[in-house]
Amino acid sequence: MYRFCLLLLLILTACFSEETGKKEKRPQEKTKIFAKNLNVPWQIDFYNGETYISERTGKMTKVTKQGKKVPVSLSFSKKVLSEGEGGFLGFLFDPEAGENHRAYAYYTYQEKGKVYNRIVSLKAGQASLKEDRVLLEGIPGGSIHNGGRIKFGPDGKLYATTGDSGDDSLAQNKDSLAGKILRMNADGSIPKDNPFNHSYVYSYGHRNPQGLAWDGDKMFSTEHGSTNYDEINVVKAGKNYGWPVIKGDESKENMEKPLLHSGRKTWAPSGIAIKDSKIYIACLRGEKIIKVNTSGKQMETMASNHGRLRDVQVHNGALYFLTNNKDGRGTPKQNDDKMLEMSSF
């Protein structure tokens with residue numbers, strides 16, 4: 001009788017566990033390869049039904065409407081320095097590109113033995129992009145912490161993230177372009193309503209911000225912490241985001257605390273996208289996409305089986321993201337690097 005009761009108990013327990021497992025199982029992510037064999041891709045942009053992907057090596061890949069991957073002829077006036085975390089980073093088309101045929105790029109270069117970053121405009125041809133104007137140069141650069149994300153805000157201004165270039169003292173120096181989020185007009189001039197007179201600086205006290213996105217007029221940015229305490233910030237004009245003085249939940253007068261931070265874990269967050277007040281964050285060291293609402297609560301992990309992730313965008317009802325397994329810090333898989341498409345997210 002004892003053995004019979006024990007056997008019955010084990011059977012009931014197994015059935016209960018199996019049923020519980022079914023209820024807790026998450027829906028399978030529907031992901032497919034959109035493009036493959038990319039070389040350290042950095043930023044995605046969509047234009048005229050086609051997809052453009054910047055690659056840190058100084059090249060550009062286009063995916064046509066038919067799904068064919070083709071190289072784009074790319075001409076810069078300075079040689080792209082693709083070393084460490086530098087190279088051809090940010091890229092996007094002008095919101096009025098259909099009329100003015102203009103795009104923008106952020107890339108690393110070397111001059112007189114020193115490393116810098118610059119923001120330039122490009123003239124778009126049928127199958128080419130050629131630099132035609134330097135909007136801003138001399139942004140401090142280095143083997144680490146180059147920032148690099150460029151995005152147009154809802155106000156029509158061009159924003160750029162810059163890293164502290166490995167010198168954390170520059171982040172608090174408002175006269176330096178390092179460790180900042182910058183704001184400019186599309187022609188490279190300084191907007192009259194910027195928070196500091198005659199300055200591109202929009203916010204400061206950043207270590208290495210690499211993501212920008214808006215929910216309405218509210219701007220969000222991702223930022224790499226020092227081995228931990230990575231941040232998601234709500235960015236406001238003229239505010240100081242604390243690096244290297246404070247991190248995590250620490251506070252100091254006239255310094256902003258993050259909306260969300262990783263604590264003692266590391267995400268290494270890069271590109272972000274926002275849809276329906278949900279933030280999608282591509283993580284490098286964390287090797288996943290983090291989904292969190294704009295209040296900083298209800299966090300969820302997505303796409304955690306593709307390795308290091310650099311950028312994420314929402315387009316035509318789908319989520320697109322880039323792997324960065326060939327950036328020198330990852331473990332490349334077959335056909336890396338890739339751009340992947342997730343239809344249900």
# chains A, B, ... in the order shown; residues from 1 in each chain; ligands from 1
call {"tool": "select_by_dssp", "arguments": {"residues": "region 22-255 of chain A", "states": "strand (DSSP E or B)", "output": "PyMOL selection string"}}
result
chain A and resi 31-35+41-47+50-55+59-63+69-75+88-93+102-111+114-124+128-140+150-152+158-161+180-184+201-204+209-215+218-223+231-235+240
call {"tool": "closest_atom_pairs", "arguments": {"of": "region 55-171 of chain A", "to": "region 224-235 of chain A", "cutoff": "10 Å", "atoms": "only C-alpha atoms", "output": "Markdown table"}}
result
| residue | atom | partner | partner_atom | distance |
| --- | --- | --- | --- | --- |
| A:His145 | CA | A:His224 | CA | 8.9 |
| A:Gly147 | CA | A:His224 | CA | 9.6 |
| A:Gly163 | CA | A:His224 | CA | 9.4 |
call {"tool": "residues_around", "arguments": {"residues": "region 170-180 of chain A", "least_positions_apart": "2", "cutoff": "12 Å", "atoms": "only C-alpha atoms", "output": "VMD selection string"}}
result
chain A and resid 116 to 118 136 to 142 144 to 149 159 to 168 182 to 183 195 to 210 221 223 to 224 235 237 to 246 255
call {"tool": "residues_around", "arguments": {"residues": "Asn335 (chain A)", "least_positions_apart": "2", "cutoff": "7 Å", "atoms": "only C-alpha atoms", "output": "PyMOL selection string"}}
result
chain A and resi 36-37+333+337-338
call {"tool": "write_last_selection", "arguments": {"atoms": "all heavy atoms", "output": "PDB file, in the first residue's frame"}}
result
ATOM      1  N   LYS A  36      22.701  38.436 -44.095  1.00  0.00           N
ATOM      2  CA  LYS A  36      23.753  37.687 -43.411  1.00  0.00           C
ATOM      3  C   LYS A  36      25.125  38.048 -43.978  1.00  0.00           C
ATOM      4  O   LYS A  36      25.227  38.751 -44.993  1.00  0.00           O
ATOM      5  CB  LYS A  36      23.515  36.179 -43.518  1.00  0.00           C
ATOM      6  CG  LYS A  36      23.431  35.644 -44.935  1.00  0.00           C
ATOM      7  CD  LYS A  36      23.039  34.170 -44.930  1.00  0.00           C
ATOM      8  CE  LYS A  36      22.910  33.635 -46.350  1.00  0.00           C
ATOM      9  NZ  LYS A  36      22.524  32.209 -46.369  1.00  0.00           N
ATOM     10  N   ASN A  37      26.160  37.550 -43.304  1.00  0.00           N
ATOM     11  CA  ASN A  37      27.552  37.800 -43.690  1.00  0.00           C
ATOM     12  C   ASN A  37      27.871  39.293 -43.769  1.00  0.00           C
ATOM     13  O   ASN A  37      28.581  39.762 -44.670  1.00  0.00           O
ATOM     14  CB  ASN A  37      27.879  37.101 -45.017  1.00  0.00           C
ATOM     15  CG  ASN A  37      27.764  35.587 -44.897  1.00  0.00           C
ATOM     16  OD1 ASN A  37      28.220  35.001 -43.934  1.00  0.00           O
ATOM     17  ND2 ASN A  37      27.117  34.973 -45.876  1.00  0.00           N
ATOM     18  N   LYS A 333      29.097  33.140 -35.202  1.00  0.00           N
ATOM     19  CA  LYS A 333      28.387  31.929 -35.588  1.00  0.00           C
ATOM     20  C   LYS A 333      28.343  31.862 -37.109  1.00  0.00           C
ATOM     21  O   LYS A 333      28.801  32.771 -37.804  1.00  0.00           O
ATOM     22  CB  LYS A 333      26.971  31.956 -34.998  1.00  0.00           C
ATOM     23  CG  LYS A 333      26.938  32.086 -33.476  1.00  0.00           C
ATOM     24  CD  LYS A 333      25.513  32.236 -32.974  1.00  0.00           C
ATOM     25  CE  LYS A 333      25.473  32.455 -31.467  1.00  0.00           C
ATOM     26  NZ  LYS A 333      24.095  32.654 -30.954  1.00  0.00           N
ATOM     27  N   ASP A 337      28.119  38.517 -39.472  1.00  0.00           N
ATOM     28  CA  ASP A 337      27.057  39.047 -38.637  1.00  0.00           C
ATOM     29  C   ASP A 337      25.750  39.085 -39.416  1.00  0.00           C
ATOM     30  O   ASP A 337      25.753  39.065 -40.640  1.00  0.00           O
ATOM     31  CB  ASP A 337      27.420  40.454 -38.147  1.00  0.00           C
ATOM     32  CG  ASP A 337      28.279  40.431 -36.893  1.00  0.00           C
ATOM     33  OD1 ASP A 337      27.975  39.651 -35.993  1.00  0.00           O
ATOM     34  OD2 ASP A 337      29.257  41.190 -36.823  1.00  0.00           O
ATOM     35  N   LYS A 338      24.631  39.219 -38.690  1.00  0.00           N
ATOM     36  CA  LYS A 338      23.329  39.141 -39.336  1.00  0.00           C
ATOM     37  C   LYS A 338      22.446  40.329 -38.962  1.00  0.00           C
ATOM     38  O   LYS A 338      22.617  40.945 -37.913  1.00  0.00           O
ATOM     39  CB  LYS A 338      22.585  37.867 -38.923  1.00  0.00           C
ATOM     40  CG  LYS A 338      23.335  36.565 -39.107  1.00  0.00           C
ATOM     41  CD  LYS A 338      22.460  35.398 -38.657  1.00  0.00           C
ATOM     42  CE  LYS A 338      23.256  34.105 -38.583  1.00  0.00           C
ATOM     43  NZ  LYS A 338      24.065  34.011 -37.345  1.00  0.00           N
TER      44      LYS A 338
END
call {"tool": "select_by_dssp", "arguments": {"residues": "region 153-201 of chain A", "states": "helix (DSSP H, G or I)", "output": "PyMOL selection string"}}
result
chain A and resi 168-172
call {"tool": "write_last_selection", "arguments": {"atoms": "N, CA, C and O atoms", "output": "PDB file, in the first residue's frame"}}
result
ATOM      1  N   ASP A 168      37.435  60.171 -18.537  1.00  0.00           N
ATOM      2  CA  ASP A 168      36.151  60.471 -17.897  1.00  0.00           C
ATOM      3  C   ASP A 168      36.019  61.924 -17.438  1.00  0.00           C
ATOM      4  O   ASP A 168      34.910  62.407 -17.228  1.00  0.00           O
ATOM      5  N   SER A 169      37.116  62.649 -17.311  1.00  0.00           N
ATOM      6  CA  SER A 169      37.028  64.048 -16.881  1.00  0.00           C
ATOM      7  C   SER A 169      36.351  64.927 -17.933  1.00  0.00           C
ATOM      8  O   SER A 169      35.787  65.981 -17.608  1.00  0.00           O
ATOM      9  N   LEU A 170      36.375  64.492 -19.194  1.00  0.00           N
ATOM     10  CA  LEU A 170      35.783  65.287 -20.268  1.00  0.00           C
ATOM     11  C   LEU A 170      34.255  65.317 -20.196  1.00  0.00           C
ATOM     12  O   LEU A 170      33.626  66.242 -20.701  1.00  0.00           O
ATOM     13  N   ALA A 171      33.659  64.304 -19.579  1.00  0.00           N
ATOM     14  CA  ALA A 171      32.191  64.227 -19.527  1.00  0.00           C
ATOM     15  C   ALA A 171      31.585  65.400 -18.767  1.00  0.00           C
ATOM     16  O   ALA A 171      30.481  65.850 -19.090  1.00  0.00           O
ATOM     17  N   GLN A 172      32.284  65.900 -17.744  1.00  0.00           N
ATOM     18  CA  GLN A 172      31.784  67.017 -16.944  1.00  0.00           C
ATOM     19  C   GLN A 172      32.227  68.378 -17.480  1.00  0.00           C
ATOM     20  O   GLN A 172      31.792  69.419 -16.981  1.00  0.00           O
TER      21      GLN A 172
END
call {"tool": "residues_around", "arguments": {"residues": "Met302 (chain A)", "least_positions_apart": "2", "cutoff": "9 Å", "atoms": "only C-alpha atoms", "output": "mmCIF file with C-alpha atoms, in the first residue's frame"}}
result
data_model
loop_
_atom_site.group_PDB
_atom_site.id
_atom_site.type_symbol
_atom_site.label_atom_id
_atom_site.label_comp_id
_atom_site.auth_asym_id
_atom_site.auth_seq_id
_atom_site.Cartn_x
_atom_site.Cartn_y
_atom_site.Cartn_z
ATOM 1 C CA GLU A 29 9.884 33.980 -31.060
ATOM 2 C CA LYS A 288 19.662 40.012 -25.736
ATOM 3 C CA ILE A 289 16.966 42.573 -26.399
ATOM 4 C CA ILE A 290 15.442 44.073 -23.291
ATOM 5 C CA LYS A 291 11.824 45.160 -23.576
ATOM 6 C CA GLU A 300 11.142 41.343 -20.394
ATOM 7 C CA SER A 304 18.567 36.010 -26.246
ATOM 8 C CA ASN A 305 20.076 33.358 -28.525
ATOM 9 C CA PHE A 345 7.182 41.119 -30.577
#
call {"tool": "atom_distance", "arguments": {"atom1": "CA of Ser121 (chain A)", "atom2": "CA of Gly317 (chain A)"}}
result
29.1 Å
call {"tool": "closest_residue", "arguments": {"among": "A:Asp45, A:Ser128, A:Met60, A:Met219", "to": "Ser73 (chain A)", "atoms": "only C-alpha atoms"}}
result
A:Ser128
call {"tool": "decode", "arguments": {"residues": "region 197-220 of chain A", "atoms": "N, CA, C and O atoms", "output": "mmCIF file, in the first residue's frame"}}
result
data_model
loop_
_atom_site.group_PDB
_atom_site.id
_atom_site.type_symbol
_atom_site.label_atom_id
_atom_site.label_comp_id
_atom_site.auth_asym_id
_atom_site.auth_seq_id
_atom_site.Cartn_x
_atom_site.Cartn_y
_atom_site.Cartn_z
ATOM 1 N N ASN A 197 24.753 78.649 -24.614
ATOM 2 C CA ASN A 197 25.001 79.589 -25.707
ATOM 3 C C ASN A 197 26.148 79.150 -26.596
ATOM 4 O O ASN A 197 27.222 78.771 -26.117
ATOM 5 N N HIS A 198 25.903 79.194 -27.907
ATOM 6 C CA HIS A 198 26.930 78.912 -28.915
ATOM 7 C C HIS A 198 27.579 77.540 -28.704
ATOM 8 O O HIS A 198 28.780 77.366 -28.908
ATOM 9 N N SER A 199 26.778 76.562 -28.289
ATOM 10 C CA SER A 199 27.296 75.226 -28.001
ATOM 11 C C SER A 199 26.377 74.160 -28.577
ATOM 12 O O SER A 199 25.150 74.280 -28.532
ATOM 13 N N TYR A 200 26.996 73.090 -29.102
ATOM 14 C CA TYR A 200 26.239 71.937 -29.570
ATOM 15 C C TYR A 200 25.740 71.070 -28.411
ATOM 16 O O TYR A 200 24.903 70.192 -28.614
ATOM 17 N N VAL A 201 26.248 71.279 -27.225
ATOM 18 C CA VAL A 201 25.947 70.403 -26.092
ATOM 19 C C VAL A 201 24.480 70.524 -25.684
ATOM 20 O O VAL A 201 23.998 71.605 -25.356
ATOM 21 N N TYR A 202 23.802 69.381 -25.691
ATOM 22 C CA TYR A 202 22.402 69.316 -25.253
ATOM 23 C C TYR A 202 22.318 68.771 -23.829
ATOM 24 O O TYR A 202 21.562 69.253 -23.008
ATOM 25 N N SER A 203 23.111 67.729 -23.529
ATOM 26 C CA SER A 203 23.214 67.182 -22.168
ATOM 27 C C SER A 203 24.637 66.688 -21.977
ATOM 28 O O SER A 203 25.361 66.431 -22.942
ATOM 29 N N TYR A 204 25.056 66.530 -20.715
ATOM 30 C CA TYR A 204 26.447 66.151 -20.460
ATOM 31 C C TYR A 204 26.531 65.202 -19.268
ATOM 32 O O TYR A 204 25.517 64.823 -18.688
ATOM 33 N N GLY A 205 27.761 64.802 -18.926
ATOM 34 C CA GLY A 205 27.939 63.835 -17.852
ATOM 35 C C GLY A 205 27.627 62.415 -18.287
ATOM 36 O O GLY A 205 27.176 61.592 -17.501
ATOM 37 N N HIS A 206 27.910 62.107 -19.577
ATOM 38 C CA HIS A 206 27.664 60.775 -20.124
ATOM 39 C C HIS A 206 28.991 60.032 -20.285
ATOM 40 O O HIS A 206 30.006 60.631 -20.617
ATOM 41 N N ARG A 207 28.956 58.715 -20.092
ATOM 42 C CA ARG A 207 30.168 57.908 -20.248
ATOM 43 C C ARG A 207 30.336 57.419 -21.684
ATOM 44 O O ARG A 207 31.315 57.710 -22.339
ATOM 45 N N ASN A 208 29.366 56.646 -22.176
ATOM 46 C CA ASN A 208 29.411 56.161 -23.551
ATOM 47 C C ASN A 208 27.996 55.858 -24.024
ATOM 48 O O ASN A 208 27.595 54.698 -24.130
ATOM 49 N N PRO A 209 27.211 56.893 -24.312
ATOM 50 C CA PRO A 209 25.833 56.679 -24.775
ATOM 51 C C PRO A 209 25.825 56.195 -26.219
ATOM 52 O O PRO A 209 26.563 56.719 -27.057
ATOM 53 N N GLN A 210 24.997 55.201 -26.501
ATOM 54 C CA GLN A 210 24.962 54.627 -27.855
ATOM 55 C C GLN A 210 23.561 54.450 -28.410
ATOM 56 O O GLN A 210 23.402 53.877 -29.491
ATOM 57 N N GLY A 211 22.541 54.897 -27.708
ATOM 58 C CA GLY A 211 21.184 54.740 -28.214
ATOM 59 C C GLY A 211 20.371 55.992 -28.012
ATOM 60 O O GLY A 211 20.513 56.674 -26.985
ATOM 61 N N LEU A 212 19.518 56.321 -28.985
ATOM 62 C CA LEU A 212 18.610 57.463 -28.897
ATOM 63 C C LEU A 212 17.258 57.074 -29.478
ATOM 64 O O LEU A 212 17.199 56.453 -30.543
ATOM 65 N N ALA A 213 16.196 57.445 -28.788
ATOM 66 C CA ALA A 213 14.845 57.224 -29.315
ATOM 67 C C ALA A 213 13.887 58.126 -28.557
ATOM 68 O O ALA A 213 14.168 58.565 -27.437
ATOM 69 N N TRP A 214 12.725 58.381 -29.166
ATOM 70 C CA TRP A 214 11.730 59.275 -28.577
ATOM 71 C C TRP A 214 10.388 58.567 -28.428
ATOM 72 O O TRP A 214 9.988 57.774 -29.280
ATOM 73 N N ASP A 215 9.702 58.894 -27.350
ATOM 74 C CA ASP A 215 8.302 58.528 -27.158
ATOM 75 C C ASP A 215 7.543 59.845 -27.115
ATOM 76 O O ASP A 215 7.528 60.526 -26.095
ATOM 77 N N GLY A 216 6.974 60.244 -28.240
ATOM 78 C CA GLY A 216 6.448 61.601 -28.356
ATOM 79 C C GLY A 216 7.615 62.580 -28.327
ATOM 80 O O GLY A 216 8.568 62.454 -29.091
ATOM 81 N N ASP A 217 7.562 63.557 -27.410
ATOM 82 C CA ASP A 217 8.651 64.524 -27.271
ATOM 83 C C ASP A 217 9.661 64.111 -26.208
ATOM 84 O O ASP A 217 10.613 64.840 -25.937
ATOM 85 N N LYS A 218 9.482 62.974 -25.603
ATOM 86 C CA LYS A 218 10.351 62.522 -24.506
ATOM 87 C C LYS A 218 11.496 61.695 -25.063
ATOM 88 O O LYS A 218 11.269 60.676 -25.727
ATOM 89 N N MET A 219 12.728 62.133 -24.786
ATOM 90 C CA MET A 219 13.901 61.456 -25.352
ATOM 91 C C MET A 219 14.508 60.493 -24.350
ATOM 92 O O MET A 219 14.664 60.806 -23.180
ATOM 93 N N PHE A 220 14.881 59.304 -24.864
ATOM 94 C CA PHE A 220 15.520 58.273 -24.060
ATOM 95 C C PHE A 220 16.883 57.951 -24.671
ATOM 96 O O PHE A 220 17.070 58.009 -25.887
#
